[in-house]
Amino acid sequence: MSYVSVFVRNLSVQYGTNSVLKGVNFDIGNGEFICIVGKSGTGKTTLLNSLSGFINYQGIVTVNGNIGFCFQSHSLFPWMTVAENIGFGLSKVNGREKNEIVADLLKKIDLEKYADNYPNELSGGQTQRVALGRAIAYNPQILMLDEPFSSLDIYTRDQMIDWVLKLISELKITVLMVTHYLDEALILADRIFVLKEKNIANILPVSFPKPRLQAIRYTEEFQKRKQELSALINHIDK
Amino acid sequence: MSAKILSKILYSILPVLGVLLLWQALDEFKIINPILIPPPTKVFTAIIEWAKSGELFTDFYTSIWRGIAGLLIGSAIGVLLGLITGRNSRMNLILTPILNVFKAFPPVAMLPIFITFFGIGDFSKIFSISFATIFPLWVNTHLGSSSIPIEFIRSATLLSQSRSKIFFKIIIPASMNSIIAGFRISIAISFIMLYVSELAGASSGLGYQISSSHLSYRIDKMFGALIVLGLTASMIDLISNRVIKYFFPWVQLKKIM
């Protein structure tokens, strides 16, 4: 890794008197894919929101580059077509170049025929592809994904994982993704951060060779790592 | 014409025809007093006479212009106030108590005050219609603009640093469902105020015709003017639905209805 993409020291977030994150420290290298896992309420989304500058925090957060963000829901603007949604962040680009970028992205996300459709006319998987397309339209250096596939059925989710694997290998950007699904984390990530007790309790390197295929989830090694990860998440401190 | 469109038209027209036939039958069999409630044949004859004299078109045009002017002015003010109080917490604290006081004033009761200040001409009528239509738009716009999903704002902030772009391309469209709901309520209120304002010091207009026909015991013409006023309100609502659907295709009119 040539440089640090995200640098965090002593990050703390408080909502009123309720402390959600306390003294979080980590570095993320350029091009790394990090999955953040943990039980509900451990601060996963809060961590992404603080790195993106959406909420107030204490501590040091340095993000080297532009951020693209894909939310769990309410991601697309319903009053804009697919093409308009993708092009929304390209205001600094002139008309012709903007159209070219949008056309290229529509091809990349395999939704060229849906350019003039509205979000309510798309399926769940198509909606999330457009959301991702919009997030990467202006070439961010860091992509943050907050449970992007949680509202999808299992078959669509598997398709989306394949699609993200292909997209990320082409773009070579840094990714931070929050997920509840351990399979997803082990297939996609270079490292997995386990959030517990307001902090990152464990960092698990994932050493499966790349490019990864979904078929690895049926291997013994994969199942072993999954059980290990589950034990880390569910471990109750004495 | 397809069978589907034909059946839609029939479903809309048949109940109206049924009501007219029932009304006529009640008169034919002397179940209702024809002096108090003239039969539809007499009412429509009165409408035709009114049209032939040319007065119907003058009255229609006068009322439409007052109603639409008042509706649009009141709507613009209501939407602007709603965006201000919905998106700015300090302005909300300052303006909402005052607006709530004015909202409580019955517009009909305010009419004599408006006439005292502005006279009996068109201005006081348009002003009273505007006053009545401000508050549904203010309340609905406030609710819509203050409850935009945070993800829309966050996405927009990341994608664009321009506050004006976010306001015009995100805040206003995201509030549209609520704004349009308020606008449709205001259409109905504007026609009520139109009628009331034309009772005082008007010399033309549909409301004026209802009142003057009543005073001159032309009950058939009074009913005719009521029907024309009702049809005009329905027409405005229908046209506004079409316009909304064309300019704002993502707004869910069925949910609003």
# chains A, B, ... in the order shown; residues from 1 in each chain; ligands from 1

call {"tool": "interface_residues", "arguments": {"of": "chain A", "to": "chain B", "cutoff": "9 Å", "atoms": "only C-alpha atoms", "output": "list in words"}}
result
Ser52, Phe54, Asn66, Ile67, Gly68, Phe69, Cys70, Phe71, Ser73, His74, Ser75, Leu76, Phe77, Pro78, Trp79, Met80, Phe88, Gly89, Leu90, Ser91, Tyr118, Asn120, Arg134, Ala135 and Tyr138 of chain A

call {"tool": "select_by_dssp", "arguments": {"residues": "stretch 9-200 of chain A", "states": "strand (DSSP E)", "output": "tab-separated table (two decimals) with C-alpha atoms, in the first residue's frame"}}
result
chain	number	residue	atom	x	y	z
A	9	ARG	CA	-6.84	8.47	16.21
A	10	ASN	CA	-8.84	8.58	19.40
A	11	LEU	CA	-12.20	8.91	17.64
A	12	SER	CA	-15.11	9.32	20.04
A	13	VAL	CA	-18.78	9.99	19.29
A	14	GLN	CA	-21.43	10.87	21.79
A	15	TYR	CA	-25.19	11.35	21.28
A	18	ASN	CA	-24.78	8.27	25.40
A	19	SER	CA	-21.27	7.35	24.26
A	20	VAL	CA	-21.38	5.34	21.02
A	21	LEU	CA	-17.69	5.20	20.08
A	22	LYS	CA	-14.75	5.73	22.39
A	23	GLY	CA	-11.07	6.07	21.57
A	24	VAL	CA	-11.15	4.32	18.17
A	25	ASN	CA	-7.80	4.05	16.35
A	26	PHE	CA	-7.03	2.57	12.93
A	27	ASP	CA	-5.36	3.15	9.58
A	28	ILE	CA	-6.64	2.04	6.21
A	29	GLY	CA	-4.24	1.72	3.31
A	33	PHE	CA	-11.38	-3.26	1.24
A	34	ILE	CA	-12.43	-3.11	4.88
A	35	CYS	CA	-15.62	-4.67	6.20
A	36	ILE	CA	-16.99	-3.49	9.52
A	37	VAL	CA	-19.06	-6.05	11.42
A	38	GLY	CA	-20.62	-6.19	14.85
A	58	GLN	CA	-13.92	14.12	18.90
A	59	GLY	CA	-10.50	12.96	17.88
A	60	ILE	CA	-8.51	13.00	14.66
A	61	VAL	CA	-9.96	11.79	11.38
A	62	THR	CA	-7.99	12.27	8.18
A	63	VAL	CA	-9.49	11.04	4.94
A	67	ILE	CA	-15.71	10.17	-0.41
A	68	GLY	CA	-18.47	8.35	-2.24
A	69	PHE	CA	-21.27	7.06	0.01
A	70	CYS	CA	-23.94	4.45	-0.60
A	142	ILE	CA	-12.77	6.24	-0.85
A	143	LEU	CA	-16.11	4.47	-1.08
A	144	MET	CA	-18.26	3.99	2.01
A	145	LEU	CA	-21.08	1.46	1.88
A	146	ASP	CA	-23.58	1.23	4.73
A	174	THR	CA	-10.44	2.12	-0.90
A	175	VAL	CA	-13.71	0.70	0.42
A	176	LEU	CA	-15.26	0.67	3.88
A	177	MET	CA	-18.38	-1.43	4.07
A	178	VAL	CA	-20.71	-2.10	6.99
A	191	ARG	CA	-9.45	-6.97	6.63
A	192	ILE	CA	-12.49	-7.17	8.89
A	193	PHE	CA	-12.96	-4.77	11.80
A	194	VAL	CA	-15.08	-6.24	14.59
A	195	LEU	CA	-16.84	-3.48	16.53
A	196	LYS	CA	-17.67	-4.22	20.14
A	199	ASN	CA	-14.39	0.30	19.85
A	200	ILE	CA	-12.71	-1.97	17.34

call {"tool": "closest_residue", "arguments": {"among": "A:Val206, A:Ala115, A:Val4, A:Leu171", "to": "A:Asn85", "atoms": "only C-alpha atoms"}}
result
A:Ala115

call {"tool": "closest_atom_pairs", "arguments": {"of": "stretch 163-237 of chain B", "to": "stretch 113-136 of chain B", "cutoff": "9 Å", "atoms": "only C-alpha atoms", "output": "tab-separated table"}}
result
residue	atom	partner	partner_atom	distance
B:Ile179	CA	B:Pro136	CA	8.9
B:Ala181	CA	B:Pro136	CA	8.8
B:Gly182	CA	B:Pro136	CA	5.2
B:Phe183	CA	B:Pro136	CA	7.3
B:Ile185	CA	B:Pro136	CA	6.8
B:Ser186	CA	B:Thr133	CA	5.0
B:Ile187	CA	B:Thr133	CA	7.8
B:Ile189	CA	B:Thr133	CA	6.5
B:Ser190	CA	B:Ile129	CA	5.5
B:Phe191	CA	B:Ile129	CA	8.2
B:Ile192	CA	B:Ile129	CA	8.6
B:Met193	CA	B:Ile129	CA	5.5
B:Leu194	CA	B:Ile129	CA	6.4
B:Val196	CA	B:Lys125	CA	8.9
B:Ser197	CA	B:Lys125	CA	5.4
B:Glu198	CA	B:Lys125	CA	7.2
B:Ala200	CA	B:Ile120	CA	7.2
B:Gly201	CA	B:Ile120	CA	5.2
B:Ala202	CA	B:Ile120	CA	7.1

call {"tool": "write_last_selection", "arguments": {"atoms": "all heavy atoms", "output": "compact mmCIF listing (two decimals), in the first residue's frame"}}
result
# COMPACT_ATOMS: atom_id res chain seq x y z
N ILE B 179 -46.32 19.54 -0.43
CA ILE B 179 -46.73 20.83 -0.99
C ILE B 179 -47.97 20.65 -1.85
O ILE B 179 -48.94 21.41 -1.77
CB ILE B 179 -45.59 21.46 -1.82
CG1 ILE B 179 -44.44 21.89 -0.91
CG2 ILE B 179 -46.08 22.64 -2.64
CD1 ILE B 179 -43.19 22.38 -1.64
N ALA B 181 -50.19 18.22 -1.70
CA ALA B 181 -51.34 17.90 -0.85
C ALA B 181 -51.95 19.18 -0.30
O ALA B 181 -53.17 19.37 -0.30
CB ALA B 181 -50.90 16.98 0.30
N GLY B 182 -51.10 20.08 0.16
CA GLY B 182 -51.57 21.38 0.66
C GLY B 182 -52.23 22.20 -0.42
O GLY B 182 -53.23 22.87 -0.20
N PHE B 183 -51.68 22.14 -1.62
CA PHE B 183 -52.22 22.92 -2.74
C PHE B 183 -53.63 22.44 -3.09
O PHE B 183 -54.53 23.25 -3.36
CB PHE B 183 -51.30 22.78 -3.97
CG PHE B 183 -51.74 23.61 -5.14
CD1 PHE B 183 -51.59 24.99 -5.13
CD2 PHE B 183 -52.31 23.02 -6.25
CE1 PHE B 183 -51.99 25.76 -6.22
CE2 PHE B 183 -52.71 23.78 -7.35
CZ PHE B 183 -52.56 25.15 -7.32
N ILE B 185 -55.79 21.03 -1.09
CA ILE B 185 -56.70 21.51 -0.05
C ILE B 185 -57.00 22.98 -0.30
O ILE B 185 -58.14 23.43 -0.17
CB ILE B 185 -56.05 21.33 1.35
CG1 ILE B 185 -55.89 19.84 1.66
CG2 ILE B 185 -56.89 22.00 2.43
CD1 ILE B 185 -55.00 19.55 2.85
N SER B 186 -55.99 23.73 -0.68
CA SER B 186 -56.16 25.18 -0.90
C SER B 186 -57.08 25.47 -2.08
O SER B 186 -57.76 26.50 -2.08
CB SER B 186 -54.80 25.85 -1.14
OG SER B 186 -54.07 25.90 0.05
N ILE B 187 -57.12 24.59 -3.08
CA ILE B 187 -58.04 24.81 -4.22
C ILE B 187 -59.46 24.85 -3.68
O ILE B 187 -60.24 25.76 -4.01
CB ILE B 187 -57.89 23.70 -5.28
CG1 ILE B 187 -56.55 23.81 -6.01
CG2 ILE B 187 -59.03 23.77 -6.30
CD1 ILE B 187 -56.28 22.67 -6.99
N ILE B 189 -60.48 25.43 -0.61
CA ILE B 189 -60.67 26.59 0.27
C ILE B 189 -60.82 27.87 -0.56
O ILE B 189 -61.63 28.75 -0.24
CB ILE B 189 -59.49 26.72 1.25
CG1 ILE B 189 -59.56 25.57 2.27
CG2 ILE B 189 -59.48 28.06 1.96
CD1 ILE B 189 -58.36 25.47 3.17
N SER B 190 -60.08 27.96 -1.64
CA SER B 190 -60.13 29.18 -2.46
C SER B 190 -61.52 29.37 -3.07
O SER B 190 -62.01 30.50 -3.18
CB SER B 190 -59.05 29.15 -3.55
OG SER B 190 -59.35 28.19 -4.53
N PHE B 191 -62.17 28.26 -3.42
CA PHE B 191 -63.51 28.41 -4.01
C PHE B 191 -64.55 28.78 -2.96
O PHE B 191 -65.50 29.51 -3.25
CB PHE B 191 -63.90 27.12 -4.76
CG PHE B 191 -63.44 27.16 -6.18
CD1 PHE B 191 -62.16 26.76 -6.52
CD2 PHE B 191 -64.27 27.65 -7.18
CE1 PHE B 191 -61.72 26.84 -7.82
CE2 PHE B 191 -63.84 27.74 -8.49
CZ PHE B 191 -62.55 27.33 -8.81
N ILE B 192 -64.34 28.30 -1.75
CA ILE B 192 -65.25 28.71 -0.66
C ILE B 192 -65.11 30.21 -0.43
O ILE B 192 -66.11 30.95 -0.35
CB ILE B 192 -64.95 27.92 0.63
CG1 ILE B 192 -65.26 26.44 0.43
CG2 ILE B 192 -65.73 28.49 1.82
CD1 ILE B 192 -64.75 25.54 1.53
N MET B 193 -63.85 30.67 -0.33
CA MET B 193 -63.61 32.10 -0.08
C MET B 193 -64.04 32.95 -1.27
O MET B 193 -64.48 34.09 -1.10
CB MET B 193 -62.13 32.35 0.19
CG MET B 193 -61.71 32.26 1.63
SD MET B 193 -62.84 33.02 2.82
CE MET B 193 -62.59 34.75 2.49
N LEU B 194 -63.93 32.40 -2.46
CA LEU B 194 -64.36 33.12 -3.65
C LEU B 194 -65.85 33.44 -3.55
O LEU B 194 -66.30 34.58 -3.74
CB LEU B 194 -64.08 32.28 -4.91
CG LEU B 194 -64.65 32.81 -6.23
CD1 LEU B 194 -63.95 34.09 -6.63
CD2 LEU B 194 -64.49 31.77 -7.33
N VAL B 196 -67.75 33.46 -0.82
CA VAL B 196 -68.01 34.38 0.30
C VAL B 196 -67.62 35.81 -0.05
O VAL B 196 -68.36 36.76 0.22
CB VAL B 196 -67.25 33.90 1.56
CG1 VAL B 196 -67.34 34.94 2.67
CG2 VAL B 196 -67.78 32.56 2.04
N SER B 197 -66.48 35.97 -0.69
CA SER B 197 -66.01 37.34 -1.00
C SER B 197 -66.89 38.00 -2.06
O SER B 197 -67.04 39.22 -2.07
CB SER B 197 -64.54 37.32 -1.47
OG SER B 197 -64.42 36.65 -2.70
N GLU B 198 -67.51 37.19 -2.92
CA GLU B 198 -68.38 37.78 -3.97
C GLU B 198 -69.78 38.10 -3.45
O GLU B 198 -70.59 38.68 -4.17
CB GLU B 198 -68.43 36.84 -5.18
CG GLU B 198 -67.14 36.85 -5.99
CD GLU B 198 -67.20 35.98 -7.23
OE1 GLU B 198 -68.17 35.21 -7.40
OE2 GLU B 198 -66.26 36.06 -8.05
N ALA B 200 -70.13 40.10 -0.99
CA ALA B 200 -70.03 41.48 -0.48
C ALA B 200 -69.44 42.39 -1.54
O ALA B 200 -68.25 42.33 -1.84
CB ALA B 200 -69.15 41.49 0.77
N GLY B 201 -70.26 43.24 -2.10
CA GLY B 201 -69.78 44.32 -2.98
C GLY B 201 -69.32 43.89 -4.34
O GLY B 201 -68.51 44.56 -4.97
N ALA B 202 -69.80 42.73 -4.82
CA ALA B 202 -69.43 42.34 -6.18
C ALA B 202 -70.55 42.69 -7.13
O ALA B 202 -71.72 42.80 -6.73
CB ALA B 202 -69.16 40.84 -6.24

call {"tool": "residues_around", "arguments": {"residues": "B:Ser240", "least_positions_apart": "2", "cutoff": "12 Å", "atoms": "only C-alpha atoms", "output": "CSV table (one decimal) with C-alpha atoms, in the first residue's frame"}}
result
chain,number,residue,atom,x,y,z
B,68,ILE,CA,-56.7,31.7,-9.5
B,72,LEU,CA,-51.5,31.3,-6.6
B,180,ILE,CA,-49.1,19.4,-3.5
B,181,ALA,CA,-51.3,17.9,-0.8
B,183,PHE,CA,-52.2,22.9,-2.7
B,184,ARG,CA,-55.2,20.6,-3.4
B,185,ILE,CA,-56.7,21.5,0.0
B,186,SER,CA,-56.2,25.2,-0.9
B,187,ILE,CA,-58.0,24.8,-4.2
B,233,ALA,CA,-63.8,23.9,-9.0
B,234,SER,CA,-63.7,20.3,-10.3
B,235,MET,CA,-62.2,21.4,-13.6
B,236,ILE,CA,-59.5,23.4,-11.8
B,237,ASP,CA,-58.7,20.3,-9.7
B,238,LEU,CA,-58.6,18.0,-12.7
B,242,ARG,CA,-52.7,16.8,-15.0
B,243,VAL,CA,-50.2,19.6,-14.6
B,244,ILE,CA,-48.8,18.0,-11.5
B,245,LYS,CA,-48.5,14.6,-13.2
B,246,TYR,CA,-46.7,16.2,-16.2
B,247,PHE,CA,-44.2,18.4,-14.2
B,248,PHE,CA,-43.8,16.2,-11.2
B,253,LEU,CA,-51.3,11.5,-6.5

call {"tool": "select_by_dssp", "arguments": {"residues": "stretch 141-206 of chain A", "states": "helix (DSSP H, G or I)", "output": "JSON, numbers by chain"}}
result
{"A": [154, 155, 156, 157, 158, 159, 160, 161, 162, 163, 164, 165, 166, 167, 168, 169, 170, 171, 182, 183, 184, 185, 186, 187, 188]}

call {"tool": "atom_distance", "arguments": {"atom1": "atom CA of A:Asp183", "atom2": "atom CA of A:Ala201"}}
result
19.6 Å

call {"tool": "residues_around", "arguments": {"residues": "B:Asp59", "least_positions_apart": "4", "cutoff": "8 Å", "atoms": "only C-alpha atoms", "output": "ChimeraX atom specification"}}
result
/B:55,63,204-206,209

call {"tool": "residues_around", "arguments": {"residues": "A:Ala103", "least_positions_apart": "2", "cutoff": "10 Å", "atoms": "only C-alpha atoms", "output": "NGL selection string"}}
result
:A and (83 or 86-87 or 97-101 or 105-108 or 111-112 or 115)

call {"tool": "decode", "arguments": {"residues": "stretch 5-24 of chain B", "atoms": "N, CA, C and O atoms", "output": "PDB file, in the first residue's frame"}}
result
ATOM      1  N   ILE B   5     -61.296   2.590 -21.655  1.00  0.00           N
ATOM      2  CA  ILE B   5     -61.556   4.040 -21.522  1.00  0.00           C
ATOM      3  C   ILE B   5     -63.044   4.295 -21.483  1.00  0.00           C
ATOM      4  O   ILE B   5     -63.539   5.097 -20.677  1.00  0.00           O
ATOM      5  N   LEU B   6     -63.779   3.552 -22.337  1.00  0.00           N
ATOM      6  CA  LEU B   6     -65.236   3.716 -22.385  1.00  0.00           C
ATOM      7  C   LEU B   6     -65.859   3.360 -21.038  1.00  0.00           C
ATOM      8  O   LEU B   6     -66.744   4.073 -20.537  1.00  0.00           O
ATOM      9  N   SER B   7     -65.372   2.270 -20.442  1.00  0.00           N
ATOM     10  CA  SER B   7     -65.958   1.866 -19.156  1.00  0.00           C
ATOM     11  C   SER B   7     -65.603   2.886 -18.064  1.00  0.00           C
ATOM     12  O   SER B   7     -66.425   3.163 -17.189  1.00  0.00           O
ATOM     13  N   LYS B   8     -64.393   3.465 -18.141  1.00  0.00           N
ATOM     14  CA  LYS B   8     -64.000   4.506 -17.157  1.00  0.00           C
ATOM     15  C   LYS B   8     -64.934   5.709 -17.263  1.00  0.00           C
ATOM     16  O   LYS B   8     -65.381   6.267 -16.256  1.00  0.00           O
ATOM     17  N   ILE B   9     -65.203   6.112 -18.519  1.00  0.00           N
ATOM     18  CA  ILE B   9     -66.084   7.280 -18.741  1.00  0.00           C
ATOM     19  C   ILE B   9     -67.484   6.965 -18.228  1.00  0.00           C
ATOM     20  O   ILE B   9     -68.107   7.782 -17.534  1.00  0.00           O
ATOM     21  N   LEU B  10     -67.964   5.760 -18.542  1.00  0.00           N
ATOM     22  CA  LEU B  10     -69.316   5.387 -18.110  1.00  0.00           C
ATOM     23  C   LEU B  10     -69.429   5.349 -16.586  1.00  0.00           C
ATOM     24  O   LEU B  10     -70.404   5.829 -16.018  1.00  0.00           O
ATOM     25  N   TYR B  11     -68.380   4.813 -15.930  1.00  0.00           N
ATOM     26  CA  TYR B  11     -68.382   4.757 -14.461  1.00  0.00           C
ATOM     27  C   TYR B  11     -68.448   6.160 -13.861  1.00  0.00           C
ATOM     28  O   TYR B  11     -68.994   6.363 -12.788  1.00  0.00           O
ATOM     29  N   SER B  12     -67.864   7.135 -14.573  1.00  0.00           N
ATOM     30  CA  SER B  12     -67.875   8.522 -14.063  1.00  0.00           C
ATOM     31  C   SER B  12     -69.210   9.199 -14.350  1.00  0.00           C
ATOM     32  O   SER B  12     -69.725   9.937 -13.513  1.00  0.00           O
ATOM     33  N   ILE B  13     -69.753   8.956 -15.555  1.00  0.00           N
ATOM     34  CA  ILE B  13     -70.951   9.699 -15.983  1.00  0.00           C
ATOM     35  C   ILE B  13     -72.240   9.101 -15.407  1.00  0.00           C
ATOM     36  O   ILE B  13     -73.154   9.839 -15.024  1.00  0.00           O
ATOM     37  N   LEU B  14     -72.307   7.790 -15.364  1.00  0.00           N
ATOM     38  CA  LEU B  14     -73.574   7.139 -14.972  1.00  0.00           C
ATOM     39  C   LEU B  14     -74.098   7.575 -13.593  1.00  0.00           C
ATOM     40  O   LEU B  14     -75.296   7.852 -13.464  1.00  0.00           O
ATOM     41  N   PRO B  15     -73.240   7.660 -12.585  1.00  0.00           N
ATOM     42  CA  PRO B  15     -73.780   8.119 -11.290  1.00  0.00           C
ATOM     43  C   PRO B  15     -74.360   9.532 -11.366  1.00  0.00           C
ATOM     44  O   PRO B  15     -75.383   9.823 -10.739  1.00  0.00           O
ATOM     45  N   VAL B  16     -73.703  10.398 -12.155  1.00  0.00           N
ATOM     46  CA  VAL B  16     -74.207  11.775 -12.301  1.00  0.00           C
ATOM     47  C   VAL B  16     -75.569  11.759 -12.988  1.00  0.00           C
ATOM     48  O   VAL B  16     -76.519  12.421 -12.545  1.00  0.00           O
ATOM     49  N   LEU B  17     -75.675  10.971 -14.054  1.00  0.00           N
ATOM     50  CA  LEU B  17     -76.956  10.850 -14.761  1.00  0.00           C
ATOM     51  C   LEU B  17     -78.023  10.277 -13.833  1.00  0.00           C
ATOM     52  O   LEU B  17     -79.190  10.704 -13.863  1.00  0.00           O
ATOM     53  N   GLY B  18     -77.597   9.326 -13.026  1.00  0.00           N
ATOM     54  CA  GLY B  18     -78.529   8.715 -12.080  1.00  0.00           C
ATOM     55  C   GLY B  18     -79.089   9.731 -11.100  1.00  0.00           C
ATOM     56  O   GLY B  18     -80.305   9.747 -10.827  1.00  0.00           O
ATOM     57  N   VAL B  19     -78.196  10.572 -10.592  1.00  0.00           N
ATOM     58  CA  VAL B  19     -78.628  11.613  -9.644  1.00  0.00           C
ATOM     59  C   VAL B  19     -79.601  12.580 -10.325  1.00  0.00           C
ATOM     60  O   VAL B  19     -80.638  12.956  -9.756  1.00  0.00           O
ATOM     61  N   LEU B  20     -79.293  12.954 -11.575  1.00  0.00           N
ATOM     62  CA  LEU B  20     -80.163  13.894 -12.309  1.00  0.00           C
ATOM     63  C   LEU B  20     -81.541  13.273 -12.560  1.00  0.00           C
ATOM     64  O   LEU B  20     -82.578  13.952 -12.404  1.00  0.00           O
ATOM     65  N   LEU B  21     -81.529  11.988 -12.931  1.00  0.00           N
ATOM     66  CA  LEU B  21     -82.810  11.314 -13.193  1.00  0.00           C
ATOM     67  C   LEU B  21     -83.638  11.209 -11.911  1.00  0.00           C
ATOM     68  O   LEU B  21     -84.859  11.417 -11.922  1.00  0.00           O
ATOM     69  N   LEU B  22     -82.960  10.891 -10.826  1.00  0.00           N
ATOM     70  CA  LEU B  22     -83.642  10.787  -9.533  1.00  0.00           C
ATOM     71  C   LEU B  22     -84.229  12.136  -9.139  1.00  0.00           C
ATOM     72  O   LEU B  22     -85.388  12.235  -8.698  1.00  0.00           O
ATOM     73  N   TRP B  23     -83.450  13.170  -9.326  1.00  0.00           N
ATOM     74  CA  TRP B  23     -83.870  14.546  -9.012  1.00  0.00           C
ATOM     75  C   TRP B  23     -85.116  14.890  -9.830  1.00  0.00           C
ATOM     76  O   TRP B  23     -86.107  15.410  -9.305  1.00  0.00           O
ATOM     77  N   GLN B  24     -85.080  14.601 -11.142  1.00  0.00           N
ATOM     78  CA  GLN B  24     -86.217  14.878 -12.026  1.00  0.00           C
ATOM     79  C   GLN B  24     -87.450  14.091 -11.598  1.00  0.00           C
ATOM     80  O   GLN B  24     -88.567  14.615 -11.551  1.00  0.00           O
TER      81      GLN B  24
END
